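Visitor: For reference, the file final-v8.cif (mmCIF, C-alpha atoms and all ligand atoms) is included below:
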data_start
loop_
_atom_site.label_atom_id
_atom_site.label_comp_id
_atom_site.auth_asym_id
_atom_site.auth_seq_id
_atom_site.Cartn_x
_atom_site.Cartn_y
_atom_site.Cartn_z
CA MET A 1 0.00 0.00 0.00
CA ALA A 2 1.32 3.46 -0.89
CA GLU A 3 1.70 6.00 1.88
CA PRO A 4 -0.63 8.98 1.36
CA VAL A 5 0.93 12.15 -0.06
CA VAL A 6 -0.72 14.90 -2.04
CA LEU A 7 1.15 15.61 -5.23
CA ASP A 8 1.34 19.28 -6.15
CA PRO A 9 0.51 19.34 -9.91
CA GLU A 10 2.54 22.55 -10.23
CA ILE A 11 5.68 20.67 -9.17
CA GLY A 12 5.05 17.33 -10.90
CA TYR A 13 7.09 15.11 -8.60
CA VAL A 14 6.86 13.99 -4.99
CA ASP A 15 8.55 16.70 -2.97
CA VAL A 16 9.03 15.11 0.45
CA PRO A 17 12.30 15.42 2.40
CA ILE A 18 14.37 12.23 2.53
CA ASP A 19 16.38 11.24 5.59
CA PRO A 20 19.99 11.63 4.34
CA SER A 21 21.07 8.55 6.32
CA LEU A 22 18.72 6.31 4.30
CA ASP A 23 20.36 3.81 1.93
CA LEU A 24 18.22 4.66 -1.10
CA ILE A 25 19.34 1.70 -3.18
CA ALA A 26 18.52 -0.77 -0.40
CA GLU A 27 15.15 0.94 0.11
CA ILE A 28 14.34 0.82 -3.60
CA ASN A 29 15.21 -2.88 -3.66
CA ARG A 30 13.04 -3.56 -0.60
CA LEU A 31 10.07 -1.57 -1.92
CA ARG A 32 10.17 -3.05 -5.41
CA LYS A 33 9.97 -6.57 -3.93
CA GLU A 34 7.27 -5.67 -1.41
CA LYS A 35 5.11 -4.00 -4.06
CA ASN A 36 5.80 -6.42 -6.94
CA ALA A 37 7.07 -3.43 -8.92
CA ILE A 38 9.21 -3.36 -12.05
CA ILE A 39 11.61 -0.50 -12.85
CA LEU A 40 11.92 0.14 -16.59
CA ALA A 41 14.63 2.55 -17.72
CA HIS A 42 15.77 4.04 -20.99
CA TYR A 43 19.47 4.23 -21.89
CA TYR A 44 19.41 8.01 -21.49
CA GLN A 45 18.96 7.78 -17.72
CA GLU A 46 21.86 8.55 -15.45
CA PRO A 47 24.06 5.48 -14.76
CA ILE A 48 22.84 4.90 -11.19
CA ILE A 49 19.25 4.58 -12.45
CA GLN A 50 20.30 2.31 -15.33
CA ASP A 51 22.10 0.04 -12.83
CA LEU A 52 18.99 -0.23 -10.66
CA ALA A 53 16.56 -1.02 -13.47
CA ASP A 54 14.97 -4.45 -13.92
CA TYR A 55 15.06 -3.78 -17.63
CA ILE A 56 16.87 -1.20 -19.71
CA GLY A 57 16.28 -0.79 -23.42
CA ASP A 58 15.21 1.22 -26.43
CA SER A 59 11.63 2.30 -27.08
CA LEU A 60 10.68 -0.98 -28.76
CA GLY A 61 12.24 -3.11 -26.03
CA LEU A 62 10.58 -1.02 -23.32
CA SER A 63 7.17 -1.31 -25.04
CA ARG A 64 7.54 -5.06 -25.33
CA LYS A 65 8.58 -5.35 -21.70
CA ALA A 66 5.65 -3.19 -20.62
CA ALA A 67 3.29 -5.38 -22.68
CA GLU A 68 4.45 -8.63 -21.06
CA THR A 69 5.12 -7.68 -17.43
CA ASP A 70 3.13 -9.27 -14.59
CA ALA A 71 4.26 -6.61 -12.10
CA ASP A 72 1.52 -4.70 -10.26
CA LEU A 73 3.37 -1.41 -10.39
CA ILE A 74 5.47 -0.06 -13.28
CA VAL A 75 8.00 2.65 -12.39
CA PHE A 76 9.05 4.18 -15.68
CA ALA A 77 12.39 6.02 -15.77
CA GLY A 78 11.99 7.44 -19.24
CA VAL A 79 10.12 10.32 -20.83
CA HIS A 80 6.36 10.85 -20.65
CA PHE A 81 5.42 9.25 -23.99
CA MET A 82 7.22 6.05 -22.90
CA ALA A 83 5.37 5.83 -19.58
CA GLU A 84 2.15 6.71 -21.40
CA THR A 85 2.74 3.82 -23.84
CA ALA A 86 3.18 1.48 -20.85
CA LYS A 87 -0.17 2.71 -19.48
CA ILE A 88 -1.91 2.29 -22.84
CA LEU A 89 -0.72 -1.33 -22.84
CA ASN A 90 -1.58 -1.87 -19.15
CA PRO A 91 -4.85 -0.14 -18.22
CA ASP A 92 -5.19 -2.22 -15.04
CA LYS A 93 -1.70 -1.58 -13.71
CA LYS A 94 -0.42 1.49 -11.93
CA VAL A 95 2.25 3.30 -13.96
CA VAL A 96 4.31 5.99 -12.25
CA ILE A 97 7.07 8.25 -13.54
CA PRO A 98 9.60 9.88 -11.15
CA ASP A 99 9.07 13.35 -12.65
CA LEU A 100 5.95 14.15 -14.66
CA ASN A 101 7.77 17.07 -16.33
CA ALA A 102 9.96 14.66 -18.31
CA GLY A 103 8.53 15.44 -21.74
CA CYS A 104 10.15 15.17 -25.17
CA SER A 105 10.84 18.06 -27.53
CA LEU A 106 10.02 15.84 -30.50
CA ALA A 107 6.64 14.77 -29.08
CA ASP A 108 5.95 18.42 -28.16
CA SER A 109 6.71 19.52 -31.74
CA CYS A 110 3.55 17.73 -32.88
CA PRO A 111 0.41 19.02 -31.09
CA ALA A 112 -2.59 16.77 -31.77
CA ASP A 113 -4.94 19.49 -33.05
CA ALA A 114 -2.37 20.83 -35.56
CA PHE A 115 -1.56 17.27 -36.60
CA ALA A 116 -5.26 16.47 -37.16
CA ALA A 117 -5.51 19.52 -39.49
CA PHE A 118 -2.33 18.43 -41.32
CA LYS A 119 -3.64 14.88 -41.72
CA ALA A 120 -6.96 16.20 -43.12
CA GLN A 121 -5.04 17.61 -46.13
CA TYR A 122 -4.04 14.06 -47.14
CA PRO A 123 -7.20 11.94 -46.89
CA ASP A 124 -5.73 9.06 -48.95
CA HIS A 125 -2.61 8.69 -46.78
CA ILE A 126 -2.09 6.33 -43.92
CA VAL A 127 -0.28 7.69 -40.88
CA VAL A 128 2.86 6.05 -39.53
CA SER A 129 3.96 7.81 -36.35
CA TYR A 130 7.21 7.47 -34.49
CA ILE A 131 6.53 6.40 -30.90
CA ASN A 132 7.92 9.79 -29.70
CA CYS A 133 4.47 11.40 -29.78
CA SER A 134 1.56 11.92 -27.40
CA ALA A 135 -1.30 9.45 -26.91
CA ALA A 136 -3.54 11.92 -28.77
CA VAL A 137 -1.25 11.78 -31.85
CA LYS A 138 -1.03 7.99 -31.56
CA ALA A 139 -4.84 7.95 -31.62
CA LEU A 140 -4.70 9.79 -34.99
CA SER A 141 -2.22 7.26 -36.39
CA ASP A 142 -2.60 3.92 -38.18
CA ILE A 143 0.72 2.37 -37.18
CA ILE A 144 3.33 3.33 -34.58
CA CYS A 145 7.00 2.60 -35.13
CA THR A 146 10.29 3.05 -33.30
CA SER A 147 13.77 3.57 -34.68
CA SER A 148 14.29 -0.23 -34.38
CA ASN A 149 11.41 -1.25 -36.60
CA ALA A 150 10.52 1.81 -38.74
CA GLU A 151 12.16 0.59 -41.94
CA HIS A 152 10.75 -2.92 -41.49
CA ILE A 153 7.24 -1.50 -41.03
CA ILE A 154 7.41 0.94 -43.97
CA ARG A 155 8.53 -1.91 -46.25
CA GLN A 156 5.38 -3.89 -45.33
CA ILE A 157 3.07 -1.12 -46.55
CA PRO A 158 1.92 -1.69 -50.17
CA PRO A 159 3.91 0.57 -52.55
CA GLU A 160 0.80 2.27 -53.97
CA GLN A 161 -0.34 3.35 -50.48
CA PRO A 162 0.71 6.98 -49.76
CA ILE A 163 2.11 7.61 -46.26
CA ILE A 164 2.34 10.49 -43.79
CA PHE A 165 5.29 10.07 -41.43
CA ALA A 166 5.39 12.02 -38.14
CA PRO A 167 6.78 13.66 -36.12
CA ASP A 168 10.57 13.34 -36.76
CA ARG A 169 11.67 14.81 -40.09
CA ASN A 170 15.21 13.41 -39.80
CA LEU A 171 14.06 9.84 -39.25
CA GLY A 172 11.49 10.42 -42.01
CA ARG A 173 14.14 11.61 -44.49
CA TYR A 174 16.39 8.70 -43.55
CA LEU A 175 13.51 6.25 -44.21
CA ILE A 176 12.74 7.87 -47.57
CA ARG A 177 16.37 7.37 -48.56
CA LYS A 178 16.48 3.78 -47.32
CA THR A 179 13.14 2.58 -48.70
CA GLY A 180 12.64 4.86 -51.72
CA ARG A 181 9.12 5.68 -50.42
CA ASP A 182 8.00 9.25 -51.03
CA MET A 183 6.40 10.07 -47.67
CA VAL A 184 4.81 13.32 -46.51
CA LEU A 185 6.74 14.44 -43.41
CA TRP A 186 5.75 16.36 -40.31
CA ASP A 187 8.48 18.91 -39.55
CA GLY A 188 9.47 17.84 -36.03
CA VAL A 189 12.92 17.48 -34.54
CA CYS A 190 14.72 16.39 -31.36
CA ILE A 191 16.65 19.14 -29.56
CA VAL A 192 19.43 16.73 -28.61
CA HIS A 193 20.03 15.01 -31.94
CA GLU A 194 19.72 18.13 -34.09
CA THR A 195 22.66 19.77 -32.31
CA PHE A 196 25.46 17.30 -33.07
CA SER A 197 28.20 19.13 -34.91
CA GLU A 198 29.31 17.78 -38.29
CA LYS A 199 32.52 19.82 -38.02
CA LYS A 200 33.45 18.39 -34.61
CA ILE A 201 32.68 14.85 -35.79
CA LEU A 202 35.02 15.35 -38.77
CA GLN A 203 37.70 16.66 -36.41
CA LEU A 204 37.30 13.56 -34.21
CA LYS A 205 37.50 11.30 -37.27
CA ALA A 206 40.76 13.00 -38.26
CA ARG A 207 42.12 12.45 -34.74
CA TYR A 208 40.89 8.82 -34.53
CA PRO A 209 41.12 7.59 -38.13
CA ASP A 210 40.14 4.01 -37.18
CA ALA A 211 37.02 5.07 -35.30
CA LEU A 212 33.57 4.16 -36.61
CA VAL A 213 30.76 6.71 -36.32
CA LEU A 214 27.54 5.27 -34.83
CA ALA A 215 24.51 7.55 -35.12
CA HIS A 216 20.84 7.60 -34.14
CA PRO A 217 18.52 8.29 -37.10
CA GLU A 218 17.13 11.38 -35.32
CA CYS A 219 20.43 13.14 -36.21
CA GLU A 220 20.53 15.65 -39.07
CA GLU A 221 21.44 14.43 -42.55
CA ALA A 222 24.81 16.28 -42.35
CA VAL A 223 25.78 13.99 -39.45
CA LEU A 224 24.16 10.81 -40.79
CA GLN A 225 26.18 11.04 -44.00
CA HIS A 226 29.35 10.36 -41.96
CA ALA A 227 27.87 7.42 -40.05
CA ASP A 228 29.19 3.89 -40.47
CA PHE A 229 26.14 2.56 -38.68
CA ILE A 230 22.69 4.11 -38.09
CA GLY A 231 20.25 2.57 -35.64
CA SER A 232 18.27 2.73 -32.42
CA THR A 233 20.02 2.92 -29.06
CA SER A 234 19.85 -0.87 -28.61
CA ALA A 235 21.08 -1.43 -32.17
CA ILE A 236 24.02 0.98 -31.63
CA ARG A 237 24.92 -0.86 -28.43
CA ARG A 238 24.71 -4.27 -30.14
CA PHE A 239 26.72 -3.09 -33.15
CA ALA A 240 29.60 -1.89 -30.93
CA ARG A 241 29.54 -5.13 -28.93
CA GLU A 242 29.66 -7.35 -32.02
CA SER A 243 32.06 -5.22 -34.09
CA PRO A 244 35.74 -6.16 -34.40
CA HIS A 245 36.51 -2.41 -34.30
CA THR A 246 37.70 -0.89 -31.03
CA THR A 247 37.01 2.86 -31.26
CA PHE A 248 33.61 4.48 -31.80
CA ILE A 249 32.29 8.03 -32.04
CA VAL A 250 28.72 7.87 -30.74
CA ALA A 251 26.13 10.38 -31.99
CA THR A 252 23.24 9.97 -29.61
CA GLU A 253 22.46 10.95 -25.99
CA GLU A 254 25.56 10.11 -23.97
CA GLY A 255 23.72 7.94 -21.40
CA ILE A 256 24.09 5.01 -23.82
CA LEU A 257 27.86 5.06 -23.27
CA HIS A 258 27.41 3.67 -19.77
CA GLN A 259 26.17 0.30 -21.08
CA MET A 260 28.59 0.31 -24.02
CA ARG A 261 31.55 0.74 -21.67
CA LYS A 262 30.21 -1.99 -19.39
CA ASP A 263 29.77 -4.33 -22.37
CA CYS A 264 33.26 -3.66 -23.77
CA PRO A 265 35.60 -2.13 -21.18
CA GLU A 266 38.55 -2.60 -23.54
CA LYS A 267 37.00 -0.47 -26.33
CA THR A 268 37.01 3.33 -26.62
CA PHE A 269 33.73 5.24 -26.89
CA ILE A 270 33.79 8.95 -27.67
CA PRO A 271 30.59 10.99 -27.37
CA ALA A 272 29.93 13.11 -30.48
CA PRO A 273 30.04 16.77 -29.38
CA PRO A 274 27.10 19.10 -29.90
CA ASP A 275 27.35 22.49 -31.57
CA ASN A 276 25.92 24.52 -28.71
CA GLY A 277 28.86 25.66 -26.63
CA CYS A 278 28.17 22.91 -24.11
CA ASN A 279 30.18 19.74 -24.35
CA CYS A 280 27.54 17.32 -23.16
CA SER A 281 24.78 15.70 -25.14
CA GLN A 282 22.30 14.94 -22.39
CA CYS A 283 18.55 15.02 -22.90
CA PRO A 284 17.27 17.62 -20.42
CA HIS A 285 13.93 15.82 -20.20
CA MET A 286 15.31 12.34 -19.51
CA ARG A 287 17.73 13.77 -16.96
CA LEU A 288 14.96 15.24 -14.79
CA HIS A 289 14.72 11.86 -13.07
CA THR A 290 17.01 11.35 -10.08
CA LEU A 291 17.58 8.50 -7.67
CA GLU A 292 15.67 10.47 -5.02
CA LYS A 293 12.63 11.03 -7.28
CA LEU A 294 12.70 7.37 -8.31
CA TYR A 295 12.64 6.30 -4.66
CA LEU A 296 9.79 8.69 -3.85
CA ALA A 297 7.76 7.57 -6.90
CA LEU A 298 8.10 3.95 -5.83
CA ARG A 299 7.30 4.69 -2.20
CA TYR A 300 4.31 7.00 -2.73
CA GLU A 301 3.23 5.55 -6.13
CA GLN A 302 3.07 9.03 -7.64
CA PRO A 303 3.07 10.84 -10.04
CA GLU A 304 0.74 8.40 -11.72
CA ILE A 305 0.04 8.25 -15.47
CA THR A 306 -3.72 8.30 -16.02
CA MET A 307 -5.66 8.39 -19.26
CA ASP A 308 -9.15 8.71 -20.63
CA GLU A 309 -10.30 5.18 -21.58
CA GLU A 310 -11.65 6.14 -25.00
CA LEU A 311 -8.34 7.83 -25.91
CA ARG A 312 -6.41 4.84 -24.57
CA GLN A 313 -8.32 2.45 -26.79
CA ARG A 314 -7.74 4.59 -29.89
CA ALA A 315 -4.01 4.91 -29.09
CA LEU A 316 -3.72 1.19 -28.38
CA ARG A 317 -4.66 0.01 -31.89
CA PRO A 318 -1.62 1.43 -33.77
CA ILE A 319 0.72 0.27 -31.00
CA LEU A 320 -0.61 -3.30 -31.22
CA ARG A 321 -0.23 -3.09 -34.98
CA MET A 322 3.42 -2.12 -34.52
CA LEU A 323 4.07 -5.00 -32.12
CA GLU A 324 2.40 -7.41 -34.55
CA MET A 325 4.30 -6.08 -37.61
CA SER A 326 7.68 -6.22 -35.87
CA ARG A 327 7.51 -9.60 -34.14
CA ASP A 328 10.68 -10.82 -35.89
CA ILE A 329 12.78 -7.69 -35.12
CA ARG A 330 15.27 -8.20 -32.29
P1 LIG B 1 15.40 4.61 -29.08
O1 LIG B 1 14.09 3.91 -29.30
O2 LIG B 1 16.39 4.38 -30.18
O3 LIG B 1 15.98 4.26 -27.74
O4 LIG B 1 15.16 6.18 -29.12
C1 LIG B 1 14.47 6.87 -28.15
C2 LIG B 1 14.69 8.31 -28.20
O5 LIG B 1 14.01 9.08 -27.59
C3 LIG B 1 15.78 8.80 -29.02
O6 LIG B 1 15.98 10.13 -28.78
FE1 LIG B 2 12.86 13.30 -26.96
FE2 LIG B 2 15.20 13.90 -28.04
FE3 LIG B 2 15.05 13.49 -25.42
FE4 LIG B 2 14.79 11.43 -27.15
S1 LIG B 2 16.60 12.69 -26.79
S2 LIG B 2 13.50 11.85 -25.38
S3 LIG B 2 13.71 12.44 -28.84
S4 LIG B 2 14.06 15.17 -26.58
#
Could I get this file's structure written as structure tokens?
Ligand code: 13P
Ligand code: SF4
Guide:
Amino acid sequence: MAEPVVLDPEIGYVDVPIDPSLDLIAEINRLRKEKNAIILAHYYQEPIIQDLADYIGDSLGLSRKAAETDADLIVFAGVHFMAETAKILNPDKKVVIPDLNAGCSLADSCPADAFAAFKAQYPDHIVVSYINCSAAVKALSDIICTSSNAEHIIRQIPPEQPIIFAPDRNLGRYLIRKTGRDMVLWDGVCIVHETFSEKKILQLKARYPDALVLAHPECEEAVLQHADFIGSTSAIRRFARESPHTTFIVATEEGILHQMRKDCPEKTFIPAPPDNGCNCSQCPHMRLHTLEKLYLALRYEQPEITMDEELRQRALRPILRMLEMSRDIR
């Protein structure tokens, strides 16, 4: 049973003082067992949260895990659309997120009402939406995809069927190039991936001539053109693990480097620098979660993700379609 606490919606996380002598990791382990809770975390979480998670993965892996879990409580250390997807798949379970303010610039770049008006201009098109969007945009979509399965899904759509792809224009352009499909794109972008600097990547390549560049498809075309491998976070991690190469320049949020270094301590991983005067490439939304907020979310079972049932059912259909269409993707 959760202890009662009133969550201030203005703050968006449980703001209760924690006894500094408390061993938070031991407490999290005790509470997760007592409550039959599962902690799901994305690779962009800080290392201490990644190390505590029951499962860590990319958006597809996290959706699959959320769909199959028998936990009573899901604590989602990822951004809002990820926790929302877990709720859509699990209406009878409690889903909490350490900080409700953990949004996503890409999801925010596609408001549902503007997207509905955009979609109305193309009545013959089907809508494939990247999972980085709100439940309301999912409800306007025919199929959801992630960076792991997007190409696989687009290739299953009959060639004569016109497609709208939303909200990420960089992933959309990459898919057009890969599949030859002429899709209508929503003009959305991720604030983290759009800022990687082509110039600084070229300078790193000159300094480490044997290094391979691994990039997420949300990066701009100018960066992707220098990539030796393009894929989701899990695919980037797997590629580095299985590659005979030993040095990699990694163009995605730097949280992924934690697992890559654990997988291959003998290899060298260099984060691609952004072009914004700051030398880190951390997602400010993902990084709102802290060990303290995670502990409080688990203890007080707040902030909780809730959703209108009619919206949930409409958003569920394209997610189930994605899971069905990508059964053979690892
Ligand atoms: P992945 O599904 O590749 O982990 O991507 C999630 C994301 O938000 C990338 O910015
Ligand atoms: Fe959204 Fe970009 Fe952060 Fe991923 S890295 S959660 S796309 S803002």
Visitor: Please define a box with edges along x, y and z of the file around all atoms of ligand LIG 2 (chain B) given in the file, extend it by 3 Å on each side, and return its centre and edge lengths in Å to one decimal, as AutoDock Vina command-line options.
Guide:
--center_x 14.7 --center_y 13.3 --center_z -27.1 --size_x 9.7 --size_y 9.7 --size_z 9.5
Visitor: With all atoms listed in the file as the counted atoms, please give the residues lying no more than 8 Å from range 6-23 of chain A, apart from itself and same-chain residues fewer than 5 positions off, as a PyMOL selection string.
Guide: chain A and resi 98-101+292-293+296-297+300+302-303
Visitor: Between CA of Tyr43 in chain A and CA of Phe248 in chain A, what is the spacing in Å?
Guide: 17.3 Å
Visitor: If you count all atoms listed in the file, which residues end up within 7 Å of ligand LIG 2 (chain B), as a list in words?
Guide: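 Answer in the requested format: Val79, Cys104, Ser105, Leu106, Ala107, Asn132, Cys190, Ile191, Val192, His193, Glu253, Cys283, Pro284, His285 and Met286 of chain A.
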Visitor: Can you build me a table of chain A residues sitting at most 7 Å from ligand LIG 1 (chain B), with the closest atom pair per residue and its distance in Å to one decimal, using only C-alpha atoms and all ligand atoms, sorted by chain and residue number, as JSON lines?
Guide:
{"residue": "A:His42", "atom": "CA", "partner": "B:LIG1", "partner_atom": "O3", "distance": 6.8}
{"residue": "A:Tyr43", "atom": "CA", "partner": "B:LIG1", "partner_atom": "O3", "distance": 6.8}
{"residue": "A:Gly57", "atom": "CA", "partner": "B:LIG1", "partner_atom": "O3", "distance": 6.7}
{"residue": "A:Asp58", "atom": "CA", "partner": "B:LIG1", "partner_atom": "O3", "distance": 3.4}
{"residue": "A:Ser59", "atom": "CA", "partner": "B:LIG1", "partner_atom": "O1", "distance": 3.7}
{"residue": "A:Leu60", "atom": "CA", "partner": "B:LIG1", "partner_atom": "O1", "distance": 6.0}
{"residue": "A:Asn132", "atom": "CA", "partner": "B:LIG1", "partner_atom": "O5", "distance": 6.5}
{"residue": "A:Thr146", "atom": "CA", "partner": "B:LIG1", "partner_atom": "O1", "distance": 5.6}
{"residue": "A:Ser147", "atom": "CA", "partner": "B:LIG1", "partner_atom": "O2", "distance": 5.3}
{"residue": "A:Ser148", "atom": "CA", "partner": "B:LIG1", "partner_atom": "O1", "distance": 6.6}
{"residue": "A:Cys190", "atom": "CA", "partner": "B:LIG1", "partner_atom": "O6", "distance": 6.9}
{"residue": "A:His216", "atom": "CA", "partner": "B:LIG1", "partner_atom": "O2", "distance": 6.8}
{"residue": "A:Glu218", "atom": "CA", "partner": "B:LIG1", "partner_atom": "O6", "distance": 6.8}
{"residue": "A:Gly231", "atom": "CA", "partner": "B:LIG1", "partner_atom": "O2", "distance": 6.9}
{"residue": "A:Ser232", "atom": "CA", "partner": "B:LIG1", "partner_atom": "O2", "distance": 3.4}
{"residue": "A:Thr233", "atom": "CA", "partner": "B:LIG1", "partner_atom": "O2", "distance": 4.1}
{"residue": "A:Ser234", "atom": "CA", "partner": "B:LIG1", "partner_atom": "O2", "distance": 6.5}
Visitor: Identify which of the residues A:Met183, A:Leu323, A:Cys219, A:Leu214 lies closest to Phe269 in chain A, counting only C-alpha atoms when measuring atom-to-atom distances.
Guide: A:Leu214
Visitor: When you look at range 167-175 of chain A with a cut-off of 7 Å (counting only C-alpha atoms), what residues show up, excluding the ones that are within fewer than 5 positions of it in the same chain? I need them as a VMD selection string.
Guide: chain A and resid 106 110 129 to 130 151 185 to 189 217 to 221
Visitor: Between A:Asp70, A:Glu46, A:Glu198, A:Asp54, which is the closest to Val223 in chain A once you count only C-alpha atoms?
Guide: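 Going through A:Asp70, A:Glu46, A:Glu198, A:Asp54 one by one, the smallest distance to Val223 in chain A is for A:Glu198.
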Visitor: In terms of the shortest atom-to-atom distance over all atoms listed in the file, which of A:Lys93, A:Lys178, A:Lys87, A:Arg30 is closest to Asp72 in chain A?
Guide: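 For Asp72 in chain A, the nearest of the candidates is A:Lys93.
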Visitor: Write out as a list in words which residues come within 6 Å of Ala215 in chain A when counting all atoms listed in the file, dropping same-chain ones fewer than 4 positions away.
Guide: Ala227, Ile230 and Ala251 of chain A
Visitor: Using only C-alpha atoms, which protein or nucleic acid residues come within 8 Å of Thr85 in chain A? Drop anything in the same chain fewer than 3 positions from it, and give the result as a ChimeraX atom specification.
Guide: /A:63,81-82,88-89,135
Visitor: Restricting it to C-alpha atoms, dump the selection as a short mmCIF file (atom, residue, chain, number, x, y, z; two decimals), in the frame of the given file.
Guide:
data_model
loop_
_atom_site.label_atom_id
_atom_site.label_comp_id
_atom_site.auth_asym_id
_atom_site.auth_seq_id
_atom_site.Cartn_x
_atom_site.Cartn_y
_atom_site.Cartn_z
CA SER A 63 7.17 -1.31 -25.04
CA PHE A 81 5.42 9.25 -23.99
CA MET A 82 7.22 6.05 -22.90
CA ILE A 88 -1.91 2.29 -22.84
CA LEU A 89 -0.72 -1.33 -22.84
CA ALA A 135 -1.30 9.45 -26.91
#
Visitor: Between A:Asp108, A:Thr195, A:Leu294, A:Arg238, single out the one closest to Gln282 in chain A, counting all atoms listed in the file.
Guide: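 Under the stated criterion, the closest residue is A:Thr195.
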Visitor: What lies within 9 Å of range 200-206 of chain A using only C-alpha atoms, ignoring chain neighbours under 4 positions off, as a list in words?
Guide: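 Counting only C-alpha atoms, the residues come to Phe196, Asp210, Ala211, Leu212, Val213, Val223, His226, Ile249, Ala251, Ile270, Ala272, Pro273, Pro274 and Asp275 of chain A.
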Visitor: Could you tell me how far CA of Ser109 in chain A sits from CA of Tyr122 in chain A, in Å to one decimal place?
Guide: 19.6 Å
Visitor: Out of A:Asn279, A:Thr252, A:Thr179, A:Ser134, which residue has the shortest atom-to-atom distance to Gln156 in chain A when counting all atoms listed in the file?
Guide: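 Nearest candidate to Gln156 in chain A out of A:Asn279, A:Thr252, A:Thr179, A:Ser134: A:Thr179.
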Visitor: So what do you get for CA of Met260 in chain A versus CA of His289 in chain A, distance-wise?
Guide: 21.1 Å
Visitor: I need the residue nearest Tyr208 in chain A from this list: A:Asp182, A:Thr268, A:Ile329, A:Gln259. Use only C-alpha atoms for the distance.
Guide: A:Thr268
Visitor: Output requested as a PDB file, keeping the file's coordinate frame - range 121-137 of chain A, filled out with N, CA and C atoms.
Guide:
ATOM      1  N   GLN A 121      -5.428  17.198 -44.762  1.00  0.00           N
ATOM      2  CA  GLN A 121      -5.040  17.610 -46.130  1.00  0.00           C
ATOM      3  C   GLN A 121      -4.674  16.421 -47.010  1.00  0.00           C
ATOM      4  N   TYR A 122      -4.478  15.255 -46.383  1.00  0.00           N
ATOM      5  CA  TYR A 122      -4.040  14.060 -47.140  1.00  0.00           C
ATOM      6  C   TYR A 122      -4.959  12.874 -46.839  1.00  0.00           C
ATOM      7  N   PRO A 123      -6.222  12.962 -47.302  1.00  0.00           N
ATOM      8  CA  PRO A 123      -7.200  11.940 -46.890  1.00  0.00           C
ATOM      9  C   PRO A 123      -6.872  10.528 -47.391  1.00  0.00           C
ATOM     10  N   ASP A 124      -6.027  10.407 -48.429  1.00  0.00           N
ATOM     11  CA  ASP A 124      -5.730   9.060 -48.950  1.00  0.00           C
ATOM     12  C   ASP A 124      -4.516   8.425 -48.258  1.00  0.00           C
ATOM     13  N   HIS A 125      -3.858   9.182 -47.389  1.00  0.00           N
ATOM     14  CA  HIS A 125      -2.610   8.690 -46.780  1.00  0.00           C
ATOM     15  C   HIS A 125      -2.878   7.902 -45.502  1.00  0.00           C
ATOM     16  N   ILE A 126      -2.035   6.922 -45.260  1.00  0.00           N
ATOM     17  CA  ILE A 126      -2.090   6.330 -43.920  1.00  0.00           C
ATOM     18  C   ILE A 126      -0.995   7.011 -43.082  1.00  0.00           C
ATOM     19  N   VAL A 127      -1.185   6.967 -41.768  1.00  0.00           N
ATOM     20  CA  VAL A 127      -0.280   7.690 -40.880  1.00  0.00           C
ATOM     21  C   VAL A 127       0.590   6.689 -40.104  1.00  0.00           C
ATOM     22  N   VAL A 128       1.899   6.813 -40.328  1.00  0.00           N
ATOM     23  CA  VAL A 128       2.860   6.050 -39.530  1.00  0.00           C
ATOM     24  C   VAL A 128       3.520   7.065 -38.595  1.00  0.00           C
ATOM     25  N   SER A 129       3.354   6.863 -37.301  1.00  0.00           N
ATOM     26  CA  SER A 129       3.960   7.810 -36.350  1.00  0.00           C
ATOM     27  C   SER A 129       5.031   7.128 -35.520  1.00  0.00           C
ATOM     28  N   TYR A 130       6.118   7.868 -35.374  1.00  0.00           N
ATOM     29  CA  TYR A 130       7.210   7.470 -34.490  1.00  0.00           C
ATOM     30  C   TYR A 130       6.645   7.486 -33.063  1.00  0.00           C
ATOM     31  N   ILE A 131       7.083   6.553 -32.253  1.00  0.00           N
ATOM     32  CA  ILE A 131       6.530   6.400 -30.900  1.00  0.00           C
ATOM     33  C   ILE A 131       6.725   7.657 -30.037  1.00  0.00           C
ATOM     34  N   ASN A 132       7.681   8.531 -30.431  1.00  0.00           N
ATOM     35  CA  ASN A 132       7.920   9.790 -29.700  1.00  0.00           C
ATOM     36  C   ASN A 132       6.819  10.787 -30.030  1.00  0.00           C
ATOM     37  N   CYS A 133       5.599  10.483 -29.579  1.00  0.00           N
ATOM     38  CA  CYS A 133       4.470  11.400 -29.780  1.00  0.00           C
ATOM     39  C   CYS A 133       3.467  11.126 -28.657  1.00  0.00           C
ATOM     40  N   SER A 134       2.536  12.052 -28.491  1.00  0.00           N
ATOM     41  CA  SER A 134       1.560  11.920 -27.400  1.00  0.00           C
ATOM     42  C   SER A 134       0.536  10.830 -27.718  1.00  0.00           C
ATOM     43  N   ALA A 135      -0.218  10.425 -26.701  1.00  0.00           N
ATOM     44  CA  ALA A 135      -1.300   9.450 -26.910  1.00  0.00           C
ATOM     45  C   ALA A 135      -2.320  10.004 -27.902  1.00  0.00           C
ATOM     46  N   ALA A 136      -2.555  11.314 -27.869  1.00  0.00           N
ATOM     47  CA  ALA A 136      -3.540  11.920 -28.770  1.00  0.00           C
ATOM     48  C   ALA A 136      -3.079  11.819 -30.231  1.00  0.00           C
ATOM     49  N   VAL A 137      -1.766  11.950 -30.476  1.00  0.00           N
ATOM     50  CA  VAL A 137      -1.250  11.780 -31.850  1.00  0.00           C
ATOM     51  C   VAL A 137      -1.257  10.303 -32.220  1.00  0.00           C
TER      52      VAL A 137
END
